[in-house]
Amino acid sequence: MRAQLSALLWLTIRDPAEAALVLLGIPVSRNVGWQNLALGVVLNTLAGIVMLAVFPLPAEMQAPFLNKPLLYALVFGSVFVILVFSLFWGGRAIGGRGRFEDVLLAIGWLLHVRFVVQVASLLLMLAMPGFALIFVLGVGLYSIWVSLNFINVVHGFNSLMKAVLLSVITMVGMFAGMILLLSLVTATAIGMP
(Lines give C-alpha, C1' and ligand atoms only; values in the text may rest on other atoms or scores of the structure.)
Protein backbone atom coordinates (compact mmCIF):
# COMPACT_ATOMS: atom_id res chain seq x y z
CA MET A 1 0.00 0.00 0.00
CA ARG A 2 2.82 2.38 0.90
CA ALA A 3 4.50 1.78 -2.46
CA GLN A 4 1.24 2.52 -4.31
CA LEU A 5 0.69 5.77 -2.38
CA SER A 6 4.29 6.81 -2.99
CA ALA A 7 3.91 6.06 -6.72
CA LEU A 8 0.68 8.08 -6.83
CA LEU A 9 2.38 10.96 -5.02
CA TRP A 10 5.22 11.08 -7.58
CA LEU A 11 2.73 10.75 -10.42
CA THR A 12 0.76 13.68 -8.95
CA ILE A 13 3.94 15.75 -9.10
CA ARG A 14 5.05 14.59 -12.58
CA ASP A 15 1.70 14.33 -14.37
CA PRO A 16 -1.25 15.61 -12.32
CA ALA A 17 -3.85 14.83 -15.00
CA GLU A 18 -2.73 11.19 -15.20
CA ALA A 19 -2.63 10.98 -11.39
CA ALA A 20 -6.23 12.25 -11.26
CA LEU A 21 -7.28 9.55 -13.75
CA VAL A 22 -5.56 6.86 -11.66
CA LEU A 23 -7.14 8.19 -8.46
CA LEU A 24 -10.62 8.28 -9.98
CA GLY A 25 -10.17 4.67 -11.08
CA ILE A 26 -10.16 3.63 -7.42
CA PRO A 27 -13.70 2.76 -6.31
CA VAL A 28 -14.27 4.64 -3.05
CA SER A 29 -17.56 5.11 -1.22
CA ARG A 30 -18.69 8.49 0.05
CA ASN A 31 -18.01 7.40 3.66
CA VAL A 32 -14.42 6.48 2.84
CA GLY A 33 -14.07 9.78 0.95
CA TRP A 34 -15.16 11.72 4.05
CA GLN A 35 -12.76 9.70 6.22
CA ASN A 36 -9.95 10.43 3.75
CA LEU A 37 -10.76 14.15 3.87
CA ALA A 38 -10.94 14.11 7.69
CA LEU A 39 -7.55 12.39 7.92
CA GLY A 40 -6.11 15.00 5.56
CA VAL A 41 -7.49 17.78 7.77
CA VAL A 42 -6.04 16.19 10.94
CA LEU A 43 -2.60 15.66 9.35
CA ASN A 44 -2.48 19.23 7.99
CA THR A 45 -3.63 20.61 11.35
CA LEU A 46 -0.82 18.75 13.12
CA ALA A 47 1.72 19.99 10.57
CA GLY A 48 0.40 23.55 10.90
CA ILE A 49 0.55 23.47 14.71
CA VAL A 50 4.12 22.11 14.65
CA MET A 51 5.10 24.75 12.07
CA LEU A 52 3.67 27.51 14.29
CA ALA A 53 5.42 26.08 17.36
CA VAL A 54 8.80 26.00 15.60
CA PHE A 55 8.31 29.26 13.67
CA PRO A 56 5.78 31.38 15.62
CA LEU A 57 4.02 34.24 13.85
CA PRO A 58 4.44 37.81 15.15
CA ALA A 59 1.76 38.75 17.70
CA GLU A 60 -0.02 41.12 15.28
CA MET A 61 -0.49 38.29 12.74
CA GLN A 62 -1.88 35.75 15.23
CA ALA A 63 -5.48 34.68 14.71
CA PRO A 64 -7.27 33.35 17.83
CA PHE A 65 -7.83 29.88 16.37
CA LEU A 66 -4.15 29.32 15.55
CA ASN A 67 -3.31 28.59 19.20
CA LYS A 68 -6.18 26.13 19.68
CA PRO A 69 -5.63 22.88 17.74
CA LEU A 70 -9.28 21.78 17.85
CA LEU A 71 -10.53 25.16 16.63
CA TYR A 72 -7.73 25.23 14.03
CA ALA A 73 -8.89 21.83 12.72
CA LEU A 74 -12.53 22.94 12.73
CA VAL A 75 -11.83 26.10 10.72
CA PHE A 76 -9.43 24.32 8.35
CA GLY A 77 -11.82 21.41 7.87
CA SER A 78 -14.82 23.68 7.32
CA VAL A 79 -13.01 25.49 4.53
CA PHE A 80 -12.29 22.22 2.74
CA VAL A 81 -15.80 20.84 3.21
CA ILE A 82 -17.20 24.05 1.70
CA LEU A 83 -14.60 23.75 -1.08
CA VAL A 84 -15.75 20.21 -1.95
CA PHE A 85 -19.40 21.27 -2.23
CA SER A 86 -18.47 24.45 -4.13
CA LEU A 87 -16.34 22.60 -6.67
CA PHE A 88 -19.01 19.95 -7.14
CA TRP A 89 -22.00 22.26 -7.62
CA GLY A 90 -19.99 24.95 -9.42
CA GLY A 91 -18.60 22.36 -11.80
CA ARG A 92 -22.05 20.99 -12.50
CA ALA A 93 -23.32 24.53 -13.17
CA ILE A 94 -20.78 25.04 -15.98
CA GLY A 95 -21.21 21.64 -17.59
CA GLY A 96 -18.98 19.39 -15.49
CA ARG A 97 -19.81 15.71 -15.14
CA GLY A 98 -17.87 14.92 -11.96
CA ARG A 99 -19.50 12.83 -9.26
CA PHE A 100 -19.53 14.15 -5.70
CA GLU A 101 -17.44 11.15 -4.56
CA ASP A 102 -14.79 12.01 -7.17
CA VAL A 103 -14.53 15.63 -6.05
CA LEU A 104 -14.35 14.48 -2.42
CA LEU A 105 -11.63 11.92 -3.18
CA ALA A 106 -9.59 14.40 -5.24
CA ILE A 107 -9.66 17.12 -2.58
CA GLY A 108 -8.84 14.55 0.12
CA TRP A 109 -5.86 13.32 -1.89
CA LEU A 110 -4.62 16.85 -2.52
CA LEU A 111 -4.79 17.46 1.25
CA HIS A 112 -2.52 14.45 1.79
CA VAL A 113 -0.10 15.77 -0.83
CA ARG A 114 -0.23 19.15 0.94
CA PHE A 115 0.73 17.44 4.21
CA VAL A 116 3.81 15.83 2.60
CA VAL A 117 4.81 19.23 1.20
CA GLN A 118 4.35 20.86 4.62
CA VAL A 119 6.61 18.28 6.28
CA ALA A 120 9.23 18.73 3.54
CA SER A 121 8.99 22.52 3.93
CA LEU A 122 9.46 22.29 7.69
CA LEU A 123 12.54 20.09 7.30
CA LEU A 124 13.98 22.45 4.68
CA MET A 125 13.32 25.48 6.90
CA LEU A 126 15.29 23.84 9.67
CA ALA A 127 18.17 22.77 7.39
CA MET A 128 18.31 25.45 4.66
CA PRO A 129 16.03 28.43 5.43
CA GLY A 130 16.94 30.40 2.28
CA PHE A 131 16.25 27.50 -0.06
CA ALA A 132 13.06 26.65 1.87
CA LEU A 133 11.50 30.01 0.93
CA ILE A 134 12.18 29.39 -2.77
CA PHE A 135 10.83 25.84 -2.41
CA VAL A 136 7.61 27.03 -0.71
CA LEU A 137 7.04 29.69 -3.38
CA GLY A 138 7.68 27.23 -6.21
CA VAL A 139 5.43 24.58 -4.68
CA GLY A 140 2.69 27.15 -4.12
CA LEU A 141 2.70 28.11 -7.78
CA TYR A 142 2.97 24.51 -8.99
CA SER A 143 0.10 23.45 -6.71
CA ILE A 144 -2.20 25.74 -8.73
CA TRP A 145 -1.28 23.74 -11.86
CA VAL A 146 -1.88 20.44 -10.05
CA SER A 147 -5.26 21.59 -8.71
CA LEU A 148 -6.42 22.84 -12.12
CA ASN A 149 -5.51 19.50 -13.71
CA PHE A 150 -7.40 17.59 -11.03
CA ILE A 151 -10.49 19.80 -11.45
CA ASN A 152 -10.30 19.41 -15.23
CA VAL A 153 -10.13 15.61 -15.02
CA VAL A 154 -12.73 15.22 -12.26
CA HIS A 155 -15.34 17.23 -14.17
CA GLY A 156 -14.30 15.99 -17.62
CA PHE A 157 -13.97 19.54 -18.94
CA ASN A 158 -11.21 18.78 -21.48
CA SER A 159 -10.27 22.43 -21.03
CA LEU A 160 -8.02 23.95 -18.40
CA MET A 161 -9.75 27.29 -19.01
CA LYS A 162 -13.01 25.82 -17.66
CA ALA A 163 -11.07 24.59 -14.63
CA VAL A 164 -9.69 28.12 -14.18
CA LEU A 165 -13.21 29.56 -14.50
CA LEU A 166 -14.55 27.11 -11.90
CA SER A 167 -11.66 27.94 -9.54
CA VAL A 168 -12.32 31.68 -9.85
CA ILE A 169 -16.07 31.25 -9.33
CA THR A 170 -15.45 28.99 -6.33
CA MET A 171 -12.96 31.36 -4.72
CA VAL A 172 -15.17 34.43 -5.24
CA GLY A 173 -18.16 32.53 -3.84
CA MET A 174 -16.21 31.29 -0.82
CA PHE A 175 -14.80 34.78 -0.18
CA ALA A 176 -18.28 36.33 -0.36
CA GLY A 177 -19.64 33.61 1.93
CA MET A 178 -16.86 34.20 4.47
CA ILE A 179 -17.53 37.95 4.45
CA LEU A 180 -21.25 37.33 5.00
CA LEU A 181 -20.54 34.86 7.81
CA LEU A 182 -18.08 37.21 9.50
CA SER A 183 -20.59 40.07 9.18
CA LEU A 184 -23.29 38.00 10.86
CA VAL A 185 -20.94 36.83 13.62
CA THR A 186 -19.68 40.37 14.23
CA ALA A 187 -23.22 41.81 14.27
CA THR A 188 -24.29 39.16 16.77
CA ALA A 189 -21.18 39.72 18.92
CA ILE A 190 -21.81 43.47 19.22
CA GLY A 191 -25.48 42.96 19.96
CA MET A 192 -27.11 44.11 16.73
CA PRO A 193 -30.48 42.49 16.06
# chains A, B, ... in the order shown; residues from 1 in each chain; ligands from 1
>>> select_by_dssp(residues="range 31-82 of chain A", states="alpha helix (DSSP H)", output="MDAnalysis selection string")
chainID A and resid 31:54 69:82
>>> residues_around(residues="range 44-46 of chain A", least_positions_apart="4", cutoff="10 Å", atoms="only C-alpha atoms", output="PyMOL selection string")
chain A and resi 38-40+50-52+66+69-77+111-119
>>> atom_distance(atom1="CA of Val54 in chain A", atom2="CA of Leu137 in chain A")
19.4 Å
>>> residues_around(residues="Ile169 in chain A", least_positions_apart="4", cutoff="8 Å", atoms="only C-alpha atoms", output="list of chain:residue names")
A:Gly90, A:Leu165, A:Gly173
>>> closest_atom_pairs(of="range 89-121 of chain A", to="range 17-21 of chain A", cutoff="12 Å", atoms="only C-alpha atoms", output="JSON lines")
{"residue": "A:Gly98", "atom": "CA", "partner": "A:Ala20", "partner_atom": "CA", "distance": 12.0}
{"residue": "A:Asp102", "atom": "CA", "partner": "A:Ala20", "partner_atom": "CA", "distance": 9.5}
{"residue": "A:Val103", "atom": "CA", "partner": "A:Ala20", "partner_atom": "CA", "distance": 10.4}
{"residue": "A:Leu105", "atom": "CA", "partner": "A:Ala20", "partner_atom": "CA", "distance": 9.7}
{"residue": "A:Ala106", "atom": "CA", "partner": "A:Ala20", "partner_atom": "CA", "distance": 7.2}
{"residue": "A:Ile107", "atom": "CA", "partner": "A:Ala20", "partner_atom": "CA", "distance": 10.5}
{"residue": "A:Gly108", "atom": "CA", "partner": "A:Ala20", "partner_atom": "CA", "distance": 11.9}
{"residue": "A:Trp109", "atom": "CA", "partner": "A:Ala20", "partner_atom": "CA", "distance": 9.4}
{"residue": "A:Leu110", "atom": "CA", "partner": "A:Ala20", "partner_atom": "CA", "distance": 10.0}
{"residue": "A:Val113", "atom": "CA", "partner": "A:Ala19", "partner_atom": "CA", "distance": 11.9}
>>> closest_residue(among="A:Val136, A:Ile144, A:Leu24, A:Gly33", to="Ala120 in chain A", atoms="only C-alpha atoms")
A:Val136
>>> atom_distance(atom1="CA of Arg92 in chain A", atom2="CA of Val154 in chain A")
11.0 Å
>>> residues_around(residues="Ala163 in chain A", least_positions_apart="6", cutoff="6 Å", atoms="only C-alpha atoms", output="ChimeraX atom specification")
/A:148,151-152
>>> closest_residue(among="A:Leu87, A:Leu141, A:Leu104, A:Leu43", to="Arg30 in chain A", atoms="only C-alpha atoms")
A:Leu104
